[in-house]
>>> print(open('entry23.cif').read())   # mmCIF, C-alpha atoms
data_run
#
loop_
_atom_site.group_PDB
_atom_site.id
_atom_site.type_symbol
_atom_site.label_atom_id
_atom_site.label_comp_id
_atom_site.auth_asym_id
_atom_site.auth_seq_id
_atom_site.Cartn_x
_atom_site.Cartn_y
_atom_site.Cartn_z
ATOM 1 C CA MET A 1 14.299 34.388 5.192
ATOM 2 C CA THR A 2 16.912 31.740 4.367
ATOM 3 C CA ARG A 3 15.540 28.559 2.808
ATOM 4 C CA THR A 4 16.975 25.123 3.429
ATOM 5 C CA PRO A 5 19.228 24.089 0.524
ATOM 6 C CA ILE A 6 17.676 21.443 -1.726
ATOM 7 C CA THR A 7 19.407 18.144 -1.068
ATOM 8 C CA ILE A 8 21.021 16.315 -3.984
ATOM 9 C CA LYS A 9 21.070 12.577 -3.271
ATOM 10 C CA ASN A 10 23.802 10.214 -4.379
ATOM 11 C CA PRO A 11 23.038 6.814 -5.984
ATOM 12 C CA ALA A 12 23.306 4.964 -2.658
ATOM 13 C CA GLU A 13 20.759 7.276 -1.058
ATOM 14 C CA ILE A 14 18.390 6.915 -3.987
ATOM 15 C CA SER A 15 18.716 3.136 -3.694
ATOM 16 C CA ARG A 16 17.698 3.346 -0.032
ATOM 17 C CA MET A 17 14.752 5.517 -0.985
ATOM 18 C CA ARG A 18 13.735 2.920 -3.556
ATOM 19 C CA ASP A 19 13.758 0.314 -0.758
ATOM 20 C CA ALA A 20 11.379 2.523 1.220
ATOM 21 C CA GLY A 21 9.304 3.070 -1.897
ATOM 22 C CA GLN A 22 8.874 -0.650 -2.454
ATOM 23 C CA VAL A 23 7.615 -1.068 1.111
ATOM 24 C CA VAL A 24 5.048 1.615 0.290
ATOM 25 C CA VAL A 25 4.062 -0.375 -2.813
ATOM 26 C CA LEU A 26 3.613 -3.517 -0.697
ATOM 27 C CA VAL A 27 1.343 -1.695 1.747
ATOM 28 C CA HIS A 28 -0.718 -0.308 -1.126
ATOM 29 C CA ARG A 29 -1.080 -3.726 -2.705
ATOM 30 C CA ARG A 30 -2.372 -5.282 0.508
ATOM 31 C CA ILE A 31 -4.763 -2.410 1.191
ATOM 32 C CA GLU A 32 -6.055 -2.477 -2.389
ATOM 33 C CA GLU A 33 -6.878 -6.160 -1.999
ATOM 34 C CA ALA A 34 -8.921 -5.364 1.119
ATOM 35 C CA ILE A 35 -10.944 -2.424 -0.227
ATOM 36 C CA ARG A 36 -14.586 -3.379 -0.581
ATOM 37 C CA PRO A 37 -17.970 -2.197 0.666
ATOM 38 C CA GLY A 38 -18.274 -2.739 4.413
ATOM 39 C CA VAL A 39 -14.604 -2.346 5.328
ATOM 40 C CA THR A 40 -13.632 0.533 7.613
ATOM 41 C CA THR A 41 -10.758 2.916 7.058
ATOM 42 C CA GLY A 42 -9.473 1.815 10.451
ATOM 43 C CA GLU A 43 -9.231 -1.760 9.212
ATOM 44 C CA LEU A 44 -7.181 -0.528 6.249
ATOM 45 C CA ASP A 45 -4.932 1.342 8.684
ATOM 46 C CA ALA A 46 -4.412 -1.893 10.625
ATOM 47 C CA ILE A 47 -3.257 -3.604 7.423
ATOM 48 C CA ALA A 48 -0.661 -0.871 6.977
ATOM 49 C CA ARG A 49 0.415 -1.141 10.610
ATOM 50 C CA ASP A 50 0.882 -4.906 10.403
ATOM 51 C CA THR A 51 2.644 -4.818 7.025
ATOM 52 C CA LEU A 52 5.120 -2.160 8.146
ATOM 53 C CA ALA A 53 5.875 -4.144 11.309
ATOM 54 C CA GLU A 54 6.335 -7.328 9.275
ATOM 55 C CA VAL A 55 9.096 -5.793 7.150
ATOM 56 C CA GLY A 56 10.694 -3.709 9.895
ATOM 57 C CA ALA A 57 9.588 -0.341 8.519
ATOM 58 C CA VAL A 58 8.004 2.638 10.276
ATOM 59 C CA SER A 59 5.097 4.817 9.185
ATOM 60 C CA SER A 60 6.127 8.282 8.041
ATOM 61 C CA PHE A 61 2.777 9.614 9.230
ATOM 62 C CA LEU A 62 2.061 8.132 12.660
ATOM 63 C CA GLY A 63 2.775 10.829 15.237
ATOM 64 C CA TYR A 64 3.836 13.394 12.620
ATOM 65 C CA TYR A 65 2.692 16.651 14.244
ATOM 66 C CA GLY A 66 0.369 14.395 16.216
ATOM 67 C CA PHE A 67 -1.278 12.589 13.279
ATOM 68 C CA PRO A 68 -2.990 9.484 14.720
ATOM 69 C CA GLY A 69 -2.913 7.082 11.756
ATOM 70 C CA HIS A 70 -0.367 4.897 9.948
ATOM 71 C CA ILE A 71 -1.928 6.030 6.658
ATOM 72 C CA CYS A 72 -4.176 8.841 5.460
ATOM 73 C CA ALA A 73 -7.559 7.625 4.213
ATOM 74 C CA SER A 74 -9.619 10.314 2.455
ATOM 75 C CA VAL A 75 -13.109 9.414 1.199
ATOM 76 C CA ASN A 76 -15.130 11.098 -1.583
ATOM 77 C CA ASP A 77 -14.962 14.868 -0.936
ATOM 78 C CA GLU A 78 -11.959 14.481 1.368
ATOM 79 C CA ILE A 79 -8.850 15.594 -0.491
ATOM 80 C CA VAL A 80 -5.962 14.731 1.850
ATOM 81 C CA HIS A 81 -5.073 13.965 5.475
ATOM 82 C CA GLY A 82 -8.184 11.930 6.253
ATOM 83 C CA ILE A 83 -7.853 10.167 9.622
ATOM 84 C CA PRO A 84 -8.554 6.407 9.461
ATOM 85 C CA GLY A 85 -11.113 5.128 11.924
ATOM 86 C CA ARG A 86 -14.666 3.838 12.111
ATOM 87 C CA ARG A 87 -15.844 5.160 8.764
ATOM 88 C CA VAL A 88 -17.371 2.370 6.672
ATOM 89 C CA LEU A 89 -16.761 2.354 2.921
ATOM 90 C CA HIS A 90 -19.817 1.937 0.714
ATOM 91 C CA GLU A 91 -20.415 0.835 -2.859
ATOM 92 C CA GLY A 92 -19.621 3.741 -5.164
ATOM 93 C CA ASP A 93 -17.232 5.538 -2.823
ATOM 94 C CA ILE A 94 -13.708 6.498 -3.800
ATOM 95 C CA VAL A 95 -10.940 6.466 -1.205
ATOM 96 C CA SER A 96 -7.483 8.010 -1.398
ATOM 97 C CA ILE A 97 -4.902 6.002 0.522
ATOM 98 C CA ASP A 98 -1.667 7.862 1.264
ATOM 99 C CA VAL A 99 1.190 5.690 2.514
ATOM 100 C CA GLY A 100 4.573 6.800 3.787
ATOM 101 C CA ALA A 101 7.288 4.455 5.064
ATOM 102 C CA ILE A 102 10.702 4.927 6.627
ATOM 103 C CA VAL A 103 13.340 2.278 5.873
ATOM 104 C CA ASN A 104 16.906 2.718 7.117
ATOM 105 C CA GLY A 105 16.330 6.419 7.675
ATOM 106 C CA TYR A 106 14.838 7.203 4.250
ATOM 107 C CA HIS A 107 11.233 7.918 3.283
ATOM 108 C CA GLY A 108 9.018 6.698 0.484
ATOM 109 C CA ASP A 109 5.605 8.287 -0.131
ATOM 110 C CA SER A 110 2.780 7.429 -2.516
ATOM 111 C CA ALA A 111 -0.972 8.007 -2.670
ATOM 112 C CA TRP A 112 -3.566 6.315 -4.857
ATOM 113 C CA THR A 113 -7.306 6.806 -5.124
ATOM 114 C CA TYR A 114 -9.239 3.548 -5.321
ATOM 115 C CA PRO A 115 -12.807 2.730 -6.359
ATOM 116 C CA VAL A 116 -15.006 0.941 -3.840
ATOM 117 C CA GLY A 117 -17.008 -1.532 -5.892
ATOM 118 C CA ARG A 118 -18.705 -0.014 -8.936
ATOM 119 C CA ILE A 119 -18.342 3.742 -9.150
ATOM 120 C CA SER A 120 -20.046 6.413 -11.223
ATOM 121 C CA GLU A 121 -18.824 7.562 -14.609
ATOM 122 C CA GLU A 122 -18.049 10.946 -13.037
ATOM 123 C CA ALA A 123 -15.804 9.305 -10.450
ATOM 124 C CA THR A 124 -14.224 7.045 -13.057
ATOM 125 C CA GLN A 125 -13.223 10.003 -15.200
ATOM 126 C CA LEU A 126 -11.906 11.902 -12.189
ATOM 127 C CA LEU A 127 -9.637 9.035 -11.174
ATOM 128 C CA ALA A 128 -8.413 8.452 -14.714
ATOM 129 C CA THR A 129 -7.650 12.137 -15.261
ATOM 130 C CA THR A 130 -5.851 12.606 -11.944
ATOM 131 C CA GLU A 131 -3.680 9.564 -12.560
ATOM 132 C CA ALA A 132 -2.950 10.864 -16.078
ATOM 133 C CA ALA A 133 -1.976 14.222 -14.555
ATOM 134 C CA LEU A 134 0.517 12.425 -12.322
ATOM 135 C CA HIS A 135 2.134 10.754 -15.321
ATOM 136 C CA GLU A 136 2.236 14.050 -17.227
ATOM 137 C CA ALA A 137 3.892 15.743 -14.257
ATOM 138 C CA ILE A 138 6.494 12.993 -13.934
ATOM 139 C CA ALA A 139 7.260 13.276 -17.651
ATOM 140 C CA ALA A 140 7.931 16.997 -17.107
ATOM 141 C CA ALA A 141 10.352 16.293 -14.244
ATOM 142 C CA ARG A 142 13.523 16.253 -16.335
ATOM 143 C CA PRO A 143 16.948 17.807 -15.678
ATOM 144 C CA GLY A 144 17.156 21.372 -16.924
ATOM 145 C CA HIS A 145 13.403 21.922 -16.676
ATOM 146 C CA ARG A 146 12.085 24.392 -14.138
ATOM 147 C CA LEU A 147 10.004 23.121 -11.237
ATOM 148 C CA GLY A 148 7.095 25.142 -12.605
ATOM 149 C CA ALA A 149 6.917 22.738 -15.557
ATOM 150 C CA VAL A 150 5.824 19.949 -13.197
ATOM 151 C CA GLY A 151 2.905 21.899 -11.756
ATOM 152 C CA HIS A 152 2.042 23.309 -15.170
ATOM 153 C CA ALA A 153 1.589 19.780 -16.533
ATOM 154 C CA VAL A 154 -1.016 19.051 -13.852
ATOM 155 C CA GLU A 155 -2.739 22.391 -14.289
ATOM 156 C CA ARG A 156 -2.899 22.132 -18.084
ATOM 157 C CA LEU A 157 -4.527 18.707 -18.113
ATOM 158 C CA GLY A 158 -6.839 19.322 -15.175
ATOM 159 C CA GLU A 159 -8.160 22.629 -16.481
ATOM 160 C CA ALA A 160 -8.561 21.268 -20.017
ATOM 161 C CA ARG A 161 -10.926 18.635 -18.615
ATOM 162 C CA GLY A 162 -12.803 21.059 -16.394
ATOM 163 C CA TYR A 163 -11.510 20.083 -12.956
ATOM 164 C CA GLY A 164 -10.666 22.287 -10.001
ATOM 165 C CA ILE A 165 -6.916 22.299 -9.294
ATOM 166 C CA VAL A 166 -6.119 22.136 -5.580
ATOM 167 C CA ARG A 167 -3.672 24.985 -5.017
ATOM 168 C CA GLY A 168 -3.334 25.103 -1.252
ATOM 169 C CA TYR A 169 -1.656 21.684 -1.039
ATOM 170 C CA GLY A 170 0.893 19.892 -3.184
ATOM 171 C CA GLY A 171 4.008 17.774 -3.347
ATOM 172 C CA HIS A 172 7.387 18.210 -1.740
ATOM 173 C CA GLY A 173 11.000 17.233 -1.642
ATOM 174 C CA ILE A 174 11.624 13.997 0.235
ATOM 175 C CA GLY A 175 14.554 11.962 1.545
ATOM 176 C CA ARG A 176 15.755 11.712 5.126
ATOM 177 C CA GLN A 177 12.776 13.902 5.998
ATOM 178 C CA MET A 178 9.274 13.331 4.717
ATOM 179 C CA HIS A 179 8.949 16.996 3.792
ATOM 180 C CA GLU A 180 12.011 18.691 2.344
ATOM 181 C CA ASP A 181 12.400 21.630 0.005
ATOM 182 C CA PRO A 182 11.124 22.360 -2.567
ATOM 183 C CA HIS A 183 7.344 22.626 -2.341
ATOM 184 C CA VAL A 184 5.886 21.105 -5.542
ATOM 185 C CA PRO A 185 2.625 22.888 -6.443
ATOM 186 C CA ASN A 186 0.059 21.494 -8.862
ATOM 187 C CA HIS A 187 0.063 24.670 -10.950
ATOM 188 C CA GLY A 188 2.776 26.903 -12.300
ATOM 189 C CA ASP A 189 4.728 28.597 -15.026
ATOM 190 C CA PRO A 190 7.133 26.253 -16.856
ATOM 191 C CA THR A 191 9.687 29.079 -17.059
ATOM 192 C CA LYS A 192 9.789 29.625 -13.300
ATOM 193 C CA GLY A 193 10.982 27.765 -10.228
ATOM 194 C CA VAL A 194 14.218 26.013 -9.342
ATOM 195 C CA VAL A 195 16.075 24.195 -12.094
ATOM 196 C CA LEU A 196 15.710 20.434 -11.705
ATOM 197 C CA ARG A 197 19.005 18.604 -11.293
ATOM 198 C CA PRO A 198 19.928 14.908 -11.174
ATOM 199 C CA GLY A 199 19.784 13.645 -7.614
ATOM 200 C CA MET A 200 16.762 15.721 -6.579
ATOM 201 C CA THR A 201 13.998 13.551 -5.118
ATOM 202 C CA LEU A 202 10.406 14.733 -5.165
ATOM 203 C CA ALA A 203 6.968 13.556 -4.126
ATOM 204 C CA ILE A 204 4.687 14.665 -6.969
ATOM 205 C CA GLU A 205 0.996 14.565 -6.050
ATOM 206 C CA PRO A 206 -1.798 15.968 -8.217
ATOM 207 C CA MET A 207 -5.144 16.624 -6.503
ATOM 208 C CA LEU A 208 -8.146 17.357 -8.710
ATOM 209 C CA ASN A 209 -11.740 18.198 -7.730
ATOM 210 C CA VAL A 210 -14.899 17.701 -9.741
ATOM 211 C CA GLY A 211 -16.043 21.133 -8.605
ATOM 212 C CA THR A 212 -14.352 24.180 -7.162
ATOM 213 C CA GLU A 213 -10.667 24.352 -6.280
ATOM 214 C CA GLU A 214 -11.622 25.833 -2.887
ATOM 215 C CA THR A 215 -10.969 23.750 0.226
ATOM 216 C CA ARG A 216 -11.648 23.768 3.959
ATOM 217 C CA VAL A 217 -10.320 21.851 6.963
ATOM 218 C CA LEU A 218 -12.672 19.844 9.198
ATOM 219 C CA ALA A 219 -12.935 20.208 12.957
ATOM 220 C CA ASP A 220 -10.391 17.405 13.473
ATOM 221 C CA GLU A 221 -7.825 19.956 12.191
ATOM 222 C CA TRP A 222 -6.446 17.412 9.716
ATOM 223 C CA THR A 223 -8.961 16.379 7.079
ATOM 224 C CA VAL A 224 -9.032 18.693 4.046
ATOM 225 C CA VAL A 225 -12.273 18.604 2.025
ATOM 226 C CA THR A 226 -13.654 20.317 -1.052
ATOM 227 C CA ALA A 227 -15.549 23.461 -0.098
ATOM 228 C CA ASP A 228 -18.525 22.504 -2.265
ATOM 229 C CA GLY A 229 -18.679 18.811 -1.285
ATOM 230 C CA SER A 230 -17.610 17.589 -4.726
ATOM 231 C CA LEU A 231 -15.488 14.495 -5.299
ATOM 232 C CA SER A 232 -11.699 14.761 -5.148
ATOM 233 C CA ALA A 233 -8.889 12.424 -6.232
ATOM 234 C CA HIS A 234 -5.238 12.301 -5.212
ATOM 235 C CA PHE A 235 -2.369 10.379 -6.823
ATOM 236 C CA GLU A 236 1.297 10.535 -5.803
ATOM 237 C CA HIS A 237 4.670 8.988 -6.598
ATOM 238 C CA THR A 238 8.127 9.527 -5.170
ATOM 239 C CA VAL A 239 10.570 10.159 -8.017
ATOM 240 C CA ALA A 240 14.267 10.795 -8.501
ATOM 241 C CA ILE A 241 15.476 13.234 -11.144
ATOM 242 C CA THR A 242 18.054 11.540 -13.381
ATOM 243 C CA LEU A 243 19.971 12.441 -16.539
ATOM 244 C CA GLY A 244 16.955 11.319 -18.559
ATOM 245 C CA GLU A 245 13.443 10.392 -17.483
ATOM 246 C CA ALA A 246 12.602 10.612 -13.791
ATOM 247 C CA GLN A 247 12.860 7.304 -11.947
ATOM 248 C CA VAL A 248 9.689 6.370 -10.095
ATOM 249 C CA LEU A 249 10.749 4.946 -6.730
ATOM 250 C CA THR A 250 7.209 3.893 -5.777
ATOM 251 C CA GLU A 251 6.299 2.189 -9.052
ATOM 252 C CA ARG A 252 3.200 0.054 -8.641
ATOM 253 C CA LEU A 253 3.427 -3.620 -9.551
ATOM 254 C CA ALA A 254 0.152 -3.657 -11.480
ATOM 255 C CA PRO A 255 -2.241 -0.964 -12.724
ATOM 256 C CA VAL A 256 -5.650 -0.423 -11.207
ATOM 257 C CA VAL A 257 -8.510 -0.993 -13.651
ATOM 258 C CA TYR A 258 -11.293 1.561 -13.162
#
>>> encode(input="entry23.cif", output="structure tokens")
Amino acid sequence: MTRTPITIKNPAEISRMRDAGQVVVLVHRRIEEAIRPGVTTGELDAIARDTLAEVGAVSSFLGYYGFPGHICASVNDEIVHGIPGRRVLHEGDIVSIDVGAIVNGYHGDSAWTYPVGRISEEATQLLATTEAALHEAIAAARPGHRLGAVGHAVERLGEARGYGIVRGYGGHGIGRQMHEDPHVPNHGDPTKGVVLRPGMTLAIEPMLNVGTEETRVLADEWTVVTADGSLSAHFEHTVAITLGEAQVLTERLAPVVY
């Protein structure tokens, strides 16, 4: 089977991807401001819809293989691909918001897991560790490193702190298409995988579970949940491999305080 060659972007293309990434950041900021007990995931989706329309961008997700939302909204034991709708958020929930935007033909993609009001210490530690895993993975995304080093960084930190590492889902190349080669798993051998080169653009997205790494898909054929009902967190940035440290194209304007 012949695989699609991995696309190396030029500086102009990376600049366009950064434009898309900053639209993603704007959507996240507005959704974050609206997250509170009593709000529905459908209301958060409407914020994304209106923000994208305001700036002339398009959702990467809406209609993708039939997906019905502008964002993915995954609550508590939902790992990824949660469909926004009537679900009401409650005090103590955590909600992963995954935003993708297309601007001038290029995609930006970022997910963040937010607390809803005051959350448990268990949830607090899960969010902090998953975000830390994202930063560790980005630090490993340097030219000359193998792709396996990125997943290994997530796996090493997650396992050291006792979390289940989601293996059936992961990150991906990104650019003119939302999903390009290569697949970016959240586990791996740092000596294996493609060699990272300047101009590669990746969506890196650790997913950690409080319990087992096992997953299942709900009857809606989209929402992926933990098999044991334990909490899950998901963090993601779009990055460009450079001559030095990876450039984060979806850099958030301010950190979330857990």
>>> resolve_selection(input="entry23.cif", expression="the PyMOL selection byres ((chain A and resi 136-149) around 9)", output="PyMOL selection string")
chain A and resi 131-135+150-154+157+182+184-198+204-206+237+239-248
>>> write_last_selection(input="entry23.cif", atoms="C-alpha atoms", output="PDB file, in the coordinates of the input")
ATOM      1  CA  GLU A 131      -3.680   9.564 -12.560  1.00  0.00           C
ATOM      2  CA  ALA A 132      -2.950  10.864 -16.078  1.00  0.00           C
ATOM      3  CA  ALA A 133      -1.976  14.222 -14.555  1.00  0.00           C
ATOM      4  CA  LEU A 134       0.517  12.425 -12.322  1.00  0.00           C
ATOM      5  CA  HIS A 135       2.134  10.754 -15.321  1.00  0.00           C
ATOM      6  CA  VAL A 150       5.824  19.949 -13.197  1.00  0.00           C
ATOM      7  CA  GLY A 151       2.905  21.899 -11.756  1.00  0.00           C
ATOM      8  CA  HIS A 152       2.042  23.309 -15.170  1.00  0.00           C
ATOM      9  CA  ALA A 153       1.589  19.780 -16.533  1.00  0.00           C
ATOM     10  CA  VAL A 154      -1.016  19.051 -13.852  1.00  0.00           C
ATOM     11  CA  LEU A 157      -4.527  18.707 -18.113  1.00  0.00           C
ATOM     12  CA  PRO A 182      11.124  22.360  -2.567  1.00  0.00           C
ATOM     13  CA  VAL A 184       5.886  21.105  -5.542  1.00  0.00           C
ATOM     14  CA  PRO A 185       2.625  22.888  -6.443  1.00  0.00           C
ATOM     15  CA  ASN A 186       0.059  21.494  -8.862  1.00  0.00           C
ATOM     16  CA  HIS A 187       0.063  24.670 -10.950  1.00  0.00           C
ATOM     17  CA  GLY A 188       2.776  26.903 -12.300  1.00  0.00           C
ATOM     18  CA  ASP A 189       4.728  28.597 -15.026  1.00  0.00           C
ATOM     19  CA  PRO A 190       7.133  26.253 -16.856  1.00  0.00           C
ATOM     20  CA  THR A 191       9.687  29.079 -17.059  1.00  0.00           C
ATOM     21  CA  LYS A 192       9.789  29.625 -13.300  1.00  0.00           C
ATOM     22  CA  GLY A 193      10.982  27.765 -10.228  1.00  0.00           C
ATOM     23  CA  VAL A 194      14.218  26.013  -9.342  1.00  0.00           C
ATOM     24  CA  VAL A 195      16.075  24.195 -12.094  1.00  0.00           C
ATOM     25  CA  LEU A 196      15.710  20.434 -11.705  1.00  0.00           C
ATOM     26  CA  ARG A 197      19.005  18.604 -11.293  1.00  0.00           C
ATOM     27  CA  PRO A 198      19.928  14.908 -11.174  1.00  0.00           C
ATOM     28  CA  ILE A 204       4.687  14.665  -6.969  1.00  0.00           C
ATOM     29  CA  GLU A 205       0.996  14.565  -6.050  1.00  0.00           C
ATOM     30  CA  PRO A 206      -1.798  15.968  -8.217  1.00  0.00           C
ATOM     31  CA  HIS A 237       4.670   8.988  -6.598  1.00  0.00           C
ATOM     32  CA  VAL A 239      10.570  10.159  -8.017  1.00  0.00           C
ATOM     33  CA  ALA A 240      14.267  10.795  -8.501  1.00  0.00           C
ATOM     34  CA  ILE A 241      15.476  13.234 -11.144  1.00  0.00           C
ATOM     35  CA  THR A 242      18.054  11.540 -13.381  1.00  0.00           C
ATOM     36  CA  LEU A 243      19.971  12.441 -16.539  1.00  0.00           C
ATOM     37  CA  GLY A 244      16.955  11.319 -18.559  1.00  0.00           C
ATOM     38  CA  GLU A 245      13.443  10.392 -17.483  1.00  0.00           C
ATOM     39  CA  ALA A 246      12.602  10.612 -13.791  1.00  0.00           C
ATOM     40  CA  GLN A 247      12.860   7.304 -11.947  1.00  0.00           C
ATOM     41  CA  VAL A 248       9.689   6.370 -10.095  1.00  0.00           C
TER      42      VAL A 248
END
>>> closest_residue(input="entry23.cif", among="A:Ala128, A:Val166, A:Val103, A:Ala73", to="Val88 (chain A)", atoms="only C-alpha atoms")
A:Ala73
>>> atom_distance(input="entry23.cif", atom1="CA of Arg86 (chain A)", atom2="CA of Val58 (chain A)")
22.8 Å
>>> residues_around(input="entry23.cif", residues="Val24 (chain A)", least_positions_apart="4", cutoff="12 Å", atoms="all atoms listed in the file", output="PDB file with C-alpha atoms, keeping the file's coordinate frame")
ATOM      1  CA  MET A  17      14.752   5.517  -0.985  1.00  0.00           C
ATOM      2  CA  ARG A  18      13.735   2.920  -3.556  1.00  0.00           C
ATOM      3  CA  ASP A  19      13.758   0.314  -0.758  1.00  0.00           C
ATOM      4  CA  ALA A  20      11.379   2.523   1.220  1.00  0.00           C
ATOM      5  CA  HIS A  28      -0.718  -0.308  -1.126  1.00  0.00           C
ATOM      6  CA  ARG A  29      -1.080  -3.726  -2.705  1.00  0.00           C
ATOM      7  CA  ARG A  30      -2.372  -5.282   0.508  1.00  0.00           C
ATOM      8  CA  ILE A  31      -4.763  -2.410   1.191  1.00  0.00           C
ATOM      9  CA  ALA A  48      -0.661  -0.871   6.977  1.00  0.00           C
ATOM     10  CA  ARG A  49       0.415  -1.141  10.610  1.00  0.00           C
ATOM     11  CA  THR A  51       2.644  -4.818   7.025  1.00  0.00           C
ATOM     12  CA  LEU A  52       5.120  -2.160   8.146  1.00  0.00           C
ATOM     13  CA  VAL A  55       9.096  -5.793   7.150  1.00  0.00           C
ATOM     14  CA  ALA A  57       9.588  -0.341   8.519  1.00  0.00           C
ATOM     15  CA  VAL A  58       8.004   2.638  10.276  1.00  0.00           C
ATOM     16  CA  SER A  59       5.097   4.817   9.185  1.00  0.00           C
ATOM     17  CA  SER A  60       6.127   8.282   8.041  1.00  0.00           C
ATOM     18  CA  HIS A  70      -0.367   4.897   9.948  1.00  0.00           C
ATOM     19  CA  ILE A  71      -1.928   6.030   6.658  1.00  0.00           C
ATOM     20  CA  ILE A  97      -4.902   6.002   0.522  1.00  0.00           C
ATOM     21  CA  ASP A  98      -1.667   7.862   1.264  1.00  0.00           C
ATOM     22  CA  VAL A  99       1.190   5.690   2.514  1.00  0.00           C
ATOM     23  CA  GLY A 100       4.573   6.800   3.787  1.00  0.00           C
ATOM     24  CA  ALA A 101       7.288   4.455   5.064  1.00  0.00           C
ATOM     25  CA  ILE A 102      10.702   4.927   6.627  1.00  0.00           C
ATOM     26  CA  VAL A 103      13.340   2.278   5.873  1.00  0.00           C
ATOM     27  CA  TYR A 106      14.838   7.203   4.250  1.00  0.00           C
ATOM     28  CA  HIS A 107      11.233   7.918   3.283  1.00  0.00           C
ATOM     29  CA  GLY A 108       9.018   6.698   0.484  1.00  0.00           C
ATOM     30  CA  ASP A 109       5.605   8.287  -0.131  1.00  0.00           C
ATOM     31  CA  SER A 110       2.780   7.429  -2.516  1.00  0.00           C
ATOM     32  CA  ALA A 111      -0.972   8.007  -2.670  1.00  0.00           C
ATOM     33  CA  TRP A 112      -3.566   6.315  -4.857  1.00  0.00           C
ATOM     34  CA  GLU A 236       1.297  10.535  -5.803  1.00  0.00           C
ATOM     35  CA  HIS A 237       4.670   8.988  -6.598  1.00  0.00           C
ATOM     36  CA  THR A 238       8.127   9.527  -5.170  1.00  0.00           C
ATOM     37  CA  LEU A 249      10.749   4.946  -6.730  1.00  0.00           C
ATOM     38  CA  THR A 250       7.209   3.893  -5.777  1.00  0.00           C
ATOM     39  CA  GLU A 251       6.299   2.189  -9.052  1.00  0.00           C
ATOM     40  CA  ARG A 252       3.200   0.054  -8.641  1.00  0.00           C
ATOM     41  CA  LEU A 253       3.427  -3.620  -9.551  1.00  0.00           C
TER      42      LEU A 253
END
>>> atom_distance(input="entry23.cif", atom1="CA of Ser96 (chain A)", atom2="CA of Glu180 (chain A)")
22.5 Å
>>> resolve_selection(input="entry23.cif", expression="the PyMOL selection byres ((chain A and resi 114) around 6)", output="list in words")
Ile94, Val95, Thr113 and Pro115 of chain A
>>> resolve_selection(input="entry23.cif", expression="the PyMOL selection byres ((chain A and resi 129) around 12)", output="PyMOL selection string")
chain A and resi 113+122-128+130-136+154-165+206-210+232-235+258
>>> atom_distance(input="entry23.cif", atom1="CA of Glu214 (chain A)", atom2="CA of Gly229 (chain A)")
10.1 Å
>>> closest_residue(input="entry23.cif", among="A:Asp77, A:Glu33, A:Asp220, A:Glu213", to="Val116 (chain A)", atoms="only C-alpha atoms")
A:Glu33
